[in-house]
Structure formats: structure tokens, C-alpha cells
$ cat entry-v9.cif   # mmCIF, C-alpha atoms
data_final
loop_
_atom_site.label_atom_id
_atom_site.label_comp_id
_atom_site.auth_asym_id
_atom_site.auth_seq_id
_atom_site.Cartn_x
_atom_site.Cartn_y
_atom_site.Cartn_z
CA MET A 135 -2.28 5.50 -10.05
CA LYS A 136 -1.74 4.50 -13.59
CA CYS A 137 1.95 3.63 -13.66
CA LEU A 138 1.58 2.64 -10.06
CA LEU A 139 -1.16 0.12 -10.17
CA ARG A 140 -0.05 -0.96 -13.57
CA THR A 141 3.06 -1.62 -11.73
CA ALA A 142 1.06 -3.60 -9.25
CA VAL A 143 -0.65 -6.75 -10.86
CA LEU A 144 -0.20 -10.92 -12.00
CA SER A 145 0.42 -14.70 -12.16
CA CYS A 146 2.88 -15.69 -14.92
CA LEU A 147 3.35 -18.99 -16.73
CA PHE A 148 5.51 -18.13 -19.75
CA PRO A 149 8.35 -20.48 -20.71
CA LEU A 150 11.72 -18.79 -21.08
CA PRO A 151 14.51 -19.76 -23.51
CA LEU A 152 17.34 -19.68 -20.98
CA SER A 153 20.89 -20.98 -21.08
CA PRO A 154 21.71 -23.71 -18.53
CA LEU A 155 24.75 -21.72 -17.43
CA ALA A 156 24.64 -18.30 -15.81
CA THR A 157 27.34 -16.04 -14.41
CA ALA A 158 27.06 -14.08 -11.18
CA ALA A 159 26.07 -11.05 -13.27
CA ASP A 160 23.08 -12.98 -14.64
CA ARG A 161 21.52 -13.73 -11.28
CA LEU A 162 18.51 -11.84 -9.95
CA PRO A 163 19.58 -8.59 -8.27
CA VAL A 164 17.24 -9.28 -5.34
CA ALA A 165 15.87 -12.43 -3.68
CA PRO A 166 12.43 -13.66 -4.85
CA PHE A 167 9.55 -12.33 -2.76
CA GLU A 168 5.80 -12.00 -2.32
CA ALA A 169 4.74 -8.59 -1.00
CA ARG A 170 1.23 -7.55 0.05
CA TYR A 171 0.00 -3.97 0.00
CA GLU A 172 -3.04 -2.02 1.16
CA VAL A 173 -4.41 0.29 -1.54
CA TYR A 174 -5.80 3.71 -0.59
CA ALA A 175 -7.73 6.33 -2.56
CA SER A 176 -8.46 9.75 -1.08
CA GLY A 177 -7.26 8.43 2.28
CA PHE A 178 -9.65 5.44 2.35
CA SER A 179 -8.73 1.76 1.98
CA VAL A 180 -10.19 0.56 -1.32
CA GLY A 181 -8.38 -2.70 -2.01
CA GLU A 182 -5.25 -4.80 -1.83
CA ALA A 183 -2.39 -5.69 -4.15
CA VAL A 184 0.09 -8.57 -4.27
CA ILE A 185 3.40 -8.29 -6.11
CA THR A 186 5.59 -11.36 -6.60
CA LEU A 187 9.04 -12.06 -8.00
CA THR A 188 10.14 -15.62 -8.68
CA ALA A 189 13.30 -17.07 -10.21
CA TYR A 190 13.11 -19.25 -13.30
CA GLY A 191 16.16 -21.29 -14.21
CA PRO A 192 19.63 -19.83 -13.71
CA SER A 193 18.92 -16.31 -14.98
CA GLY A 194 15.20 -15.97 -15.61
CA TYR A 195 12.52 -14.15 -13.66
CA ARG A 196 8.76 -13.92 -13.48
CA MET A 197 6.91 -11.03 -11.93
CA SER A 198 3.23 -10.63 -11.22
CA SER A 199 0.96 -8.02 -9.72
CA ASP A 200 -2.69 -8.40 -8.82
CA ALA A 201 -4.65 -5.42 -7.48
CA ARG A 202 -8.32 -5.69 -6.66
CA PRO A 203 -10.98 -3.70 -4.79
CA ASN A 204 -12.37 -5.08 -1.54
CA GLY A 205 -15.41 -4.75 0.70
CA LEU A 206 -18.04 -2.23 -0.36
CA VAL A 207 -15.80 -0.97 -3.16
CA ALA A 208 -15.90 -4.40 -4.82
CA LEU A 209 -19.68 -4.33 -4.77
CA LEU A 210 -19.89 -0.89 -6.32
CA ALA A 211 -17.27 -1.19 -9.03
CA SER A 212 -15.05 -3.67 -10.81
CA GLY A 213 -11.48 -2.52 -11.04
CA ARG A 214 -9.16 -5.51 -10.89
CA ILE A 215 -5.80 -5.04 -12.57
CA ARG A 216 -3.55 -8.01 -13.32
CA GLU A 217 -0.04 -7.84 -14.73
CA GLN A 218 2.48 -10.49 -15.57
CA ALA A 219 6.00 -10.28 -16.95
CA SER A 220 8.80 -12.69 -17.70
CA GLY A 221 12.38 -12.11 -18.77
CA GLU A 222 16.02 -12.78 -18.04
CA ILE A 223 19.06 -11.12 -16.55
CA HIS A 224 21.56 -10.89 -19.41
CA ALA A 225 25.09 -9.59 -18.75
CA GLY A 226 23.75 -7.95 -15.61
CA ALA A 227 20.89 -6.18 -17.43
CA VAL A 228 17.13 -6.74 -17.08
CA ARG A 229 15.75 -7.96 -20.41
CA PRO A 230 11.97 -8.51 -20.51
CA LEU A 231 10.63 -11.10 -22.92
CA GLN A 232 6.86 -10.94 -22.43
CA TYR A 233 4.36 -8.74 -20.61
CA GLU A 234 0.57 -8.63 -20.26
CA ARG A 235 -1.81 -6.36 -18.40
CA SER A 236 -5.57 -6.78 -18.11
CA LEU A 237 -7.98 -4.32 -16.55
CA ASP A 238 -11.40 -5.65 -15.55
CA ALA A 239 -13.51 -2.51 -15.19
CA GLY A 240 -16.74 -3.13 -17.05
CA LYS A 241 -16.99 -0.93 -20.15
CA LYS A 242 -13.48 0.39 -19.50
CA SER A 243 -11.87 -3.06 -19.55
CA SER A 244 -8.63 -3.28 -21.53
CA HIS A 245 -5.82 -5.64 -22.43
CA MET A 246 -2.19 -4.84 -23.23
CA GLN A 247 0.47 -7.25 -24.51
CA LEU A 248 4.19 -6.86 -25.27
CA ARG A 249 6.57 -9.30 -26.95
CA PHE A 250 10.27 -8.37 -26.79
CA ASP A 251 12.50 -9.66 -29.61
CA TRP A 252 16.03 -8.73 -28.55
CA PRO A 253 17.88 -10.36 -31.49
CA ALA A 254 15.66 -8.42 -33.91
CA GLY A 255 15.78 -5.26 -31.81
CA GLN A 256 12.03 -4.68 -31.72
CA VAL A 257 8.91 -5.00 -29.58
CA GLU A 258 5.49 -6.06 -30.78
CA ALA A 259 3.01 -4.00 -28.75
CA ARG A 260 -0.75 -4.37 -28.58
CA ASN A 261 -3.28 -2.39 -26.59
CA ASN A 262 -6.84 -3.49 -27.30
CA ALA A 263 -7.20 -2.95 -31.08
CA ASP A 264 -4.07 -0.80 -31.42
CA GLN A 265 -0.81 -2.38 -32.60
CA ALA A 266 2.72 -1.11 -33.09
CA THR A 267 6.23 -2.39 -33.75
CA LEU A 268 8.66 -0.36 -31.67
CA PRO A 269 12.47 -0.16 -31.72
CA LEU A 270 14.12 -1.99 -28.83
CA THR A 271 17.36 -0.78 -27.26
CA PRO A 272 19.08 -1.76 -23.98
CA GLY A 273 17.33 -0.30 -20.95
CA ILE A 274 13.78 -0.33 -22.32
CA VAL A 275 11.47 -2.39 -20.10
CA ASP A 276 7.80 -3.02 -19.38
CA PRO A 277 5.97 -1.32 -16.47
CA LEU A 278 6.38 -4.33 -14.16
CA SER A 279 10.01 -5.18 -14.93
CA LEU A 280 10.79 -1.55 -14.16
CA GLN A 281 10.56 -2.42 -10.45
CA LEU A 282 13.25 -5.10 -10.78
CA LEU A 283 15.44 -2.74 -12.82
CA VAL A 284 15.19 0.04 -10.21
CA MET A 285 15.95 -2.34 -7.32
CA GLY A 286 19.01 -3.65 -9.12
CA ASP A 287 20.28 -0.15 -9.94
CA LEU A 288 19.82 0.94 -6.33
CA GLN A 289 21.73 -2.12 -5.12
CA ARG A 290 24.66 -0.99 -7.27
CA GLY A 291 24.23 2.66 -6.34
CA GLN A 292 23.89 3.56 -10.01
CA ILE A 293 20.35 4.88 -10.41
CA PRO A 294 20.18 6.86 -13.70
CA ALA A 295 18.52 10.21 -14.31
CA GLN A 296 15.76 8.62 -16.39
CA TYR A 297 14.10 5.33 -17.35
CA SER A 298 12.33 4.28 -20.55
CA LEU A 299 9.43 1.84 -20.64
CA ILE A 300 6.69 0.77 -23.00
CA ASP A 301 3.16 1.70 -22.02
CA LYS A 302 0.34 0.70 -24.32
CA THR A 303 1.91 1.18 -27.77
CA GLU A 304 4.39 3.95 -26.93
CA ILE A 305 7.88 4.27 -25.50
CA LYS A 306 7.79 6.71 -22.59
CA THR A 307 10.73 8.24 -20.78
CA TYR A 308 10.45 9.32 -17.15
CA GLN A 309 12.83 11.51 -15.17
CA ILE A 310 14.06 10.23 -11.80
CA ARG A 311 14.78 12.38 -8.75
CA ASN A 312 16.26 11.09 -5.46
CA GLN A 313 14.67 12.96 -2.56
CA GLY A 314 16.77 11.41 0.18
CA GLU A 315 15.90 9.21 3.17
CA GLU A 316 12.64 8.92 5.12
CA THR A 317 11.63 6.53 7.92
CA LEU A 318 8.21 4.90 7.55
CA SER A 319 6.14 3.22 10.27
CA THR A 320 4.82 -0.04 8.77
CA PRO A 321 3.49 -3.44 9.92
CA LEU A 322 7.05 -4.65 9.24
CA GLY A 323 8.35 -2.13 11.78
CA GLU A 324 10.21 1.13 11.27
CA LEU A 325 11.73 1.07 7.79
CA ARG A 326 14.51 3.33 6.58
CA THR A 327 13.60 4.20 3.01
CA ILE A 328 14.87 6.20 0.06
CA ARG A 329 12.25 8.38 -1.58
CA ILE A 330 12.35 8.54 -5.39
CA ASN A 331 10.18 10.61 -7.74
CA GLN A 332 9.22 9.48 -11.23
CA TYR A 333 7.87 12.28 -13.42
CA THR A 334 7.68 13.79 -16.89
CA PRO A 335 8.79 17.43 -17.19
CA GLY A 336 5.81 19.67 -17.93
CA LYS A 337 3.29 17.11 -16.64
CA THR A 338 1.36 17.49 -13.36
CA ARG A 339 1.24 13.76 -12.57
CA MET A 340 4.01 12.34 -10.39
CA THR A 341 4.69 8.90 -8.92
CA THR A 342 6.79 8.52 -5.78
CA PHE A 343 8.44 5.27 -4.60
CA TRP A 344 9.75 4.59 -1.10
CA VAL A 345 12.27 1.72 -1.21
CA ALA A 346 13.87 0.04 1.83
CA PRO A 347 17.67 -0.50 1.48
CA ASP A 348 17.73 -2.90 4.45
CA ARG A 349 15.11 -5.06 2.68
CA GLN A 350 16.94 -5.31 -0.67
CA TYR A 351 15.21 -2.12 -1.84
CA LEU A 352 11.73 -3.59 -1.47
CA LEU A 353 8.93 -1.16 -2.34
CA ALA A 354 7.50 -0.01 1.00
CA ARG A 355 5.13 2.63 -0.37
CA ILE A 356 4.05 3.87 -3.77
CA ALA A 357 1.97 7.01 -4.28
CA GLN A 358 0.66 8.92 -7.27
CA GLU A 359 -0.42 12.53 -7.26
CA LYS A 360 -1.77 14.98 -9.80
CA ASP A 361 -1.72 18.75 -9.48
CA GLY A 362 -0.14 18.28 -6.05
CA LYS A 363 -3.03 16.13 -4.75
CA GLU A 364 -2.61 12.43 -3.93
CA GLU A 365 -4.84 10.18 -6.00
CA LEU A 366 -3.73 6.70 -4.98
CA ARG A 367 -1.29 5.08 -2.55
CA MET A 368 -0.05 1.55 -1.77
CA GLU A 369 1.42 0.66 1.64
CA ILE A 370 3.40 -2.50 2.46
CA ARG A 371 1.60 -4.91 4.82
CA ALA A 372 3.58 -8.14 4.66
CA VAL A 373 6.41 -9.76 2.76
CA GLU A 374 7.72 -13.31 2.37
CA ARG A 375 11.00 -14.33 0.73
#
$ encode --input "entry-v9.cif" --output "C-alpha cells"
Amino acid sequence: MKCLLRTAVLSCLFPLPLSPLATAADRLPVAPFEARYEVYASGFSVGEAVITLTAYGPSGYRMSSDARPNGLVALLASGRIREQASGEIHAGAVRPLQYERSLDAGKKSSHMQLRFDWPAGQVEARNNADQATLPLTPGIVDPLSLQLLVMGDLQRGQIPAQYSLIDKTEIKTYQIRNQGEETLSTPLGELRTIRINQYTPGKTRMTTFWVAPDRQYLLARIAQEKDGKEELRMEIRAVER
């Protein structure tokens, strides 16, 4: 669940250069939260993930995601993924400032880092030994800040047809398709959700998000499939605000 679990991982301590004054448009689109998820692969529980959103100053945010294997899976393989992002809400828009992702998986371990320079209009991207300077335009985000962006757009009822984010050292654009409402049975009770697909035309991999409008568009389920077969899924277990 690449974009999925990448979008599920952290603990952030970056200072943000924020103005002491913020308008209503510069406030977080949703209330801070800590959400816990069960992670499944091929129908079996293989781990857990915690996603957090905290406010920093009048218009700043920090997000983190930490996904790790549990039980027997943890003994057989190391696959912990940690993500952290920080940024600000500027004129109602999500503007990331920093992002990091680390994968602890033995020989396949990796580290990705992004530094957003909005005044200069560029992003310094690093993925292991690879480096790139990418052009930065409004709407481009990191994999973790994408969640906050989608929740805010859904709150306003203005979800676009596509989103652009930086993954590794590339800018990637994903198409978005609203598949309507679906009710999920969860430990939080019956949740009315909106089902949204994220995909790239011509590719066989697809990520689907179920977001709960009555919970400020909290992610209730995330699933990734390839060639029509589910590879990985995350299910909400608990949330605190």
C-alpha cells in the first residue's frame, strides 16, 4: 500500500516560521486528532498504524504517521514506516514546509526528505542517494499533507478531479473519482462514509479512501489494490480529538 502506508506514518518536531496573526481562512480545516488503525494484508491482521494531526501556533500544523508490524509478523520481518510533515494554512491553502519518511525494512530500508521553499517556488527532494530540485506551484503537497488537503476540500465540497504530490524525487498527479456513499461497521459504530478512488490512468494500482463526513471527513478505511486484487487495507479502530 505504497501511497497508503506512506500516508500512514510519524512524530514531528520541526519549528515553523508562522505569523502571530491568522485569519479564519488560515485555521486548520479539521480539529486535531489521533487515529488508530488496524493494518491488514491478504485478509490477515499484520500490524497497526497511528496517524496524528496537531495544531502549531495560529495557522501551523504537524502530521505524523507510524505503521509497524505486530505479533508474529514483527518477528519475521521488519517493516516499520514513519512519516512526519509540518506546514501552514496560508490563505486557506495547505502549504507543506517539511516532510520526512523512513522505512525500516532491513536491506530495503530507505529515507526520503522534502524541503518546501514557497518564496523561491521550489522543493528540495532527496530519496536515499537521489536528489532533485523540483518546481513548486500551489496545490503540490507531500504524501502525508495530502490527507489534510483532501479533508479540507471535502469540507468545502470542492474536491478537484486530480491532486499532485511529491513522491521520492518526482511530482506525481493522481486522478480522483467520487464513488458515492457507503456505510461501514467500525469500532466507532456505523459510519456513513464517502468512497473516493485515487488512481493513475493506464496503471493497475488503485488506492481507495473511505472518509466520514460526520467525523470531519476522518479516514475510516484505506485500501490499495493492484490488478483488481486487494494488497493492503487499514481500518479505523479508535480516535481522540
$ residues_around --input "entry-v9.cif" --residues "A:Lys363" --least-positions-apart "6" --cutoff "12 Å" --atoms "all atoms listed in the file" --output "MDAnalysis selection string"
chainID A and resid 135 175:177 338:341 357
$ closest_residue --input "entry-v9.cif" --among "A:Gln232, A:Ser193, A:Thr303, A:Ser243" --to "A:Ile215" --atoms "only C-alpha atoms"
A:Ser243
$ resolve_selection --input "entry-v9.cif" --expression "the PyMOL selection byres ((chain A and resi 268-285) around 9)" --output "MDAnalysis selection string"
chainID A and resid 137:138 140:143 162:164 187 196:199 217:221 227:230 232:233 248 250:252 254:259 266:267 286:290 293 297:301 303:305 345 350:353
$ axis_aligned_box --input "entry-v9.cif" --around "stretch 246-249 of chain A" --padding-each-side "6 Å" --output "JSON"
{"center_x": 2.2, "center_y": -7.1, "center_z": -25.1, "size_x": 20.8, "size_y": 16.5, "size_z": 15.7}
$ atom_distance --input "entry-v9.cif" --atom1 "atom CA of A:Gly314" --atom2 "atom CA of A:Thr327"
8.4 Å
$ closest_residue --input "entry-v9.cif" --among "A:Glu168, A:Glu182, A:Glu324, A:Glu316" --to "A:Glu374" --atoms "only C-alpha atoms"
A:Glu168
$ residues_near_point --input "entry-v9.cif" --point "(8.5, 19.8, -14.7)" --cutoff "12 Å" --atoms "all atoms listed in the file" --output "list in words"
Tyr308, Gln309, Ile310, Arg311, Asn331, Gln332, Tyr333, Thr334, Pro335, Gly336, Lys337, Thr338, Arg339, Met340 and Asp361 of chain A
$ atom_distance --input "entry-v9.cif" --atom1 "atom CA of A:Ala165" --atom2 "atom CA of A:Arg202"
25.3 Å
$ atom_distance --input "entry-v9.cif" --atom1 "atom CA of A:Gly226" --atom2 "atom CA of A:Pro347"
19.6 Å
$ closest_residue --input "entry-v9.cif" --among "A:Pro192, A:Pro203, A:Gly240, A:Gly181" --to "A:Arg161" --atoms "only C-alpha atoms"
A:Pro192
$ closest_residue --input "entry-v9.cif" --among "A:Tyr195, A:Phe167, A:Phe178, A:Trp344" --to "A:Ala372" --atoms "only C-alpha atoms"
A:Phe167
$ residues_near_point --input "entry-v9.cif" --point "(-5.9, -2.4, 3.0)" --cutoff "12 Å" --atoms "all atoms listed in the file" --output "ChimeraX atom specification"
/A:170-175,177-184,201-205,207,321,367-372
$ closest_residue --input "entry-v9.cif" --among "A:Gln292, A:Glu359, A:Asp200, A:Gln265" --to "A:Asp238" --atoms "only C-alpha atoms"
A:Asp200
$ closest_residue --input "entry-v9.cif" --among "A:Lys302, A:Ile223, A:Leu231, A:Leu318" --to "A:His245" --atoms "all atoms listed in the file"
A:Lys302
$ build_atoms --input "entry-v9.cif" --residues "stretch 194-205 of chain A" --atoms "all heavy atoms" --output "short mmCIF file (atom, residue, chain, number, x, y, z; two decimals), in the coordinates of the input"
data_model
loop_
_atom_site.label_atom_id
_atom_site.label_comp_id
_atom_site.auth_asym_id
_atom_site.auth_seq_id
_atom_site.Cartn_x
_atom_site.Cartn_y
_atom_site.Cartn_z
N GLY A 194 16.51 -16.47 -15.23
CA GLY A 194 15.20 -15.97 -15.61
C GLY A 194 14.40 -15.48 -14.44
O GLY A 194 14.65 -15.83 -13.29
N TYR A 195 13.40 -14.66 -14.72
CA TYR A 195 12.52 -14.15 -13.66
C TYR A 195 11.08 -14.09 -14.17
O TYR A 195 10.82 -14.00 -15.38
CB TYR A 195 12.95 -12.75 -13.19
CG TYR A 195 12.73 -11.66 -14.21
CD1 TYR A 195 11.52 -10.96 -14.27
CD2 TYR A 195 13.73 -11.31 -15.13
CE1 TYR A 195 11.31 -9.96 -15.21
CE2 TYR A 195 13.53 -10.30 -16.06
CZ TYR A 195 12.32 -9.63 -16.10
OH TYR A 195 12.10 -8.64 -17.02
N ARG A 196 10.17 -14.15 -13.22
CA ARG A 196 8.76 -13.92 -13.48
C ARG A 196 8.27 -12.95 -12.44
O ARG A 196 8.59 -13.08 -11.26
CB ARG A 196 7.96 -15.22 -13.37
CG ARG A 196 8.24 -16.24 -14.46
CD ARG A 196 7.53 -17.54 -14.14
NE ARG A 196 7.70 -18.52 -15.22
CZ ARG A 196 7.68 -19.83 -15.04
NH1 ARG A 196 7.53 -20.32 -13.82
NH2 ARG A 196 7.82 -20.65 -16.05
N MET A 197 7.51 -11.98 -12.86
CA MET A 197 6.91 -11.03 -11.93
C MET A 197 5.41 -10.99 -12.17
O MET A 197 4.94 -11.20 -13.29
CB MET A 197 7.49 -9.63 -12.11
CG MET A 197 8.93 -9.48 -11.64
SD MET A 197 9.44 -7.75 -11.49
CE MET A 197 8.53 -7.27 -10.00
N SER A 198 4.67 -10.76 -11.09
CA SER A 198 3.23 -10.63 -11.22
C SER A 198 2.73 -9.59 -10.24
O SER A 198 3.35 -9.33 -9.21
CB SER A 198 2.54 -11.98 -10.97
OG SER A 198 2.64 -12.32 -9.60
N SER A 199 1.62 -8.99 -10.59
CA SER A 199 0.96 -8.02 -9.72
C SER A 199 -0.54 -8.19 -9.90
O SER A 199 -1.03 -8.31 -11.02
CB SER A 199 1.40 -6.60 -10.10
OG SER A 199 0.69 -5.66 -9.35
N ASP A 200 -1.24 -8.22 -8.79
CA ASP A 200 -2.69 -8.40 -8.82
C ASP A 200 -3.30 -7.42 -7.83
O ASP A 200 -3.08 -7.52 -6.62
CB ASP A 200 -3.05 -9.84 -8.45
CG ASP A 200 -4.53 -10.15 -8.69
OD1 ASP A 200 -5.31 -9.20 -8.98
OD2 ASP A 200 -4.91 -11.33 -8.60
N ALA A 201 -4.01 -6.43 -8.33
CA ALA A 201 -4.65 -5.42 -7.48
C ALA A 201 -6.16 -5.51 -7.67
O ALA A 201 -6.65 -5.52 -8.80
CB ALA A 201 -4.15 -4.03 -7.84
N ARG A 202 -6.86 -5.56 -6.57
CA ARG A 202 -8.32 -5.69 -6.66
C ARG A 202 -9.00 -4.90 -5.55
O ARG A 202 -8.46 -4.74 -4.46
CB ARG A 202 -8.72 -7.17 -6.57
CG ARG A 202 -8.43 -7.80 -5.23
CD ARG A 202 -8.84 -9.27 -5.20
NE ARG A 202 -7.92 -10.08 -5.96
CZ ARG A 202 -8.13 -11.38 -6.23
NH1 ARG A 202 -9.22 -11.97 -5.79
NH2 ARG A 202 -7.24 -12.07 -6.92
N PRO A 203 -10.23 -4.42 -5.83
CA PRO A 203 -10.98 -3.70 -4.79
C PRO A 203 -11.51 -4.69 -3.77
O PRO A 203 -11.64 -5.88 -4.04
CB PRO A 203 -12.12 -3.05 -5.59
CG PRO A 203 -12.31 -3.94 -6.76
CD PRO A 203 -10.94 -4.45 -7.11
N ASN A 204 -11.82 -4.20 -2.57
CA ASN A 204 -12.37 -5.08 -1.54
C ASN A 204 -13.58 -4.44 -0.87
O ASN A 204 -13.87 -3.26 -1.06
CB ASN A 204 -11.31 -5.44 -0.48
CG ASN A 204 -10.73 -4.21 0.20
OD1 ASN A 204 -11.33 -3.14 0.22
ND2 ASN A 204 -9.55 -4.36 0.77
N GLY A 205 -14.28 -5.24 -0.07
CA GLY A 205 -15.41 -4.75 0.70
C GLY A 205 -16.47 -4.09 -0.16
O GLY A 205 -16.81 -4.55 -1.25
#
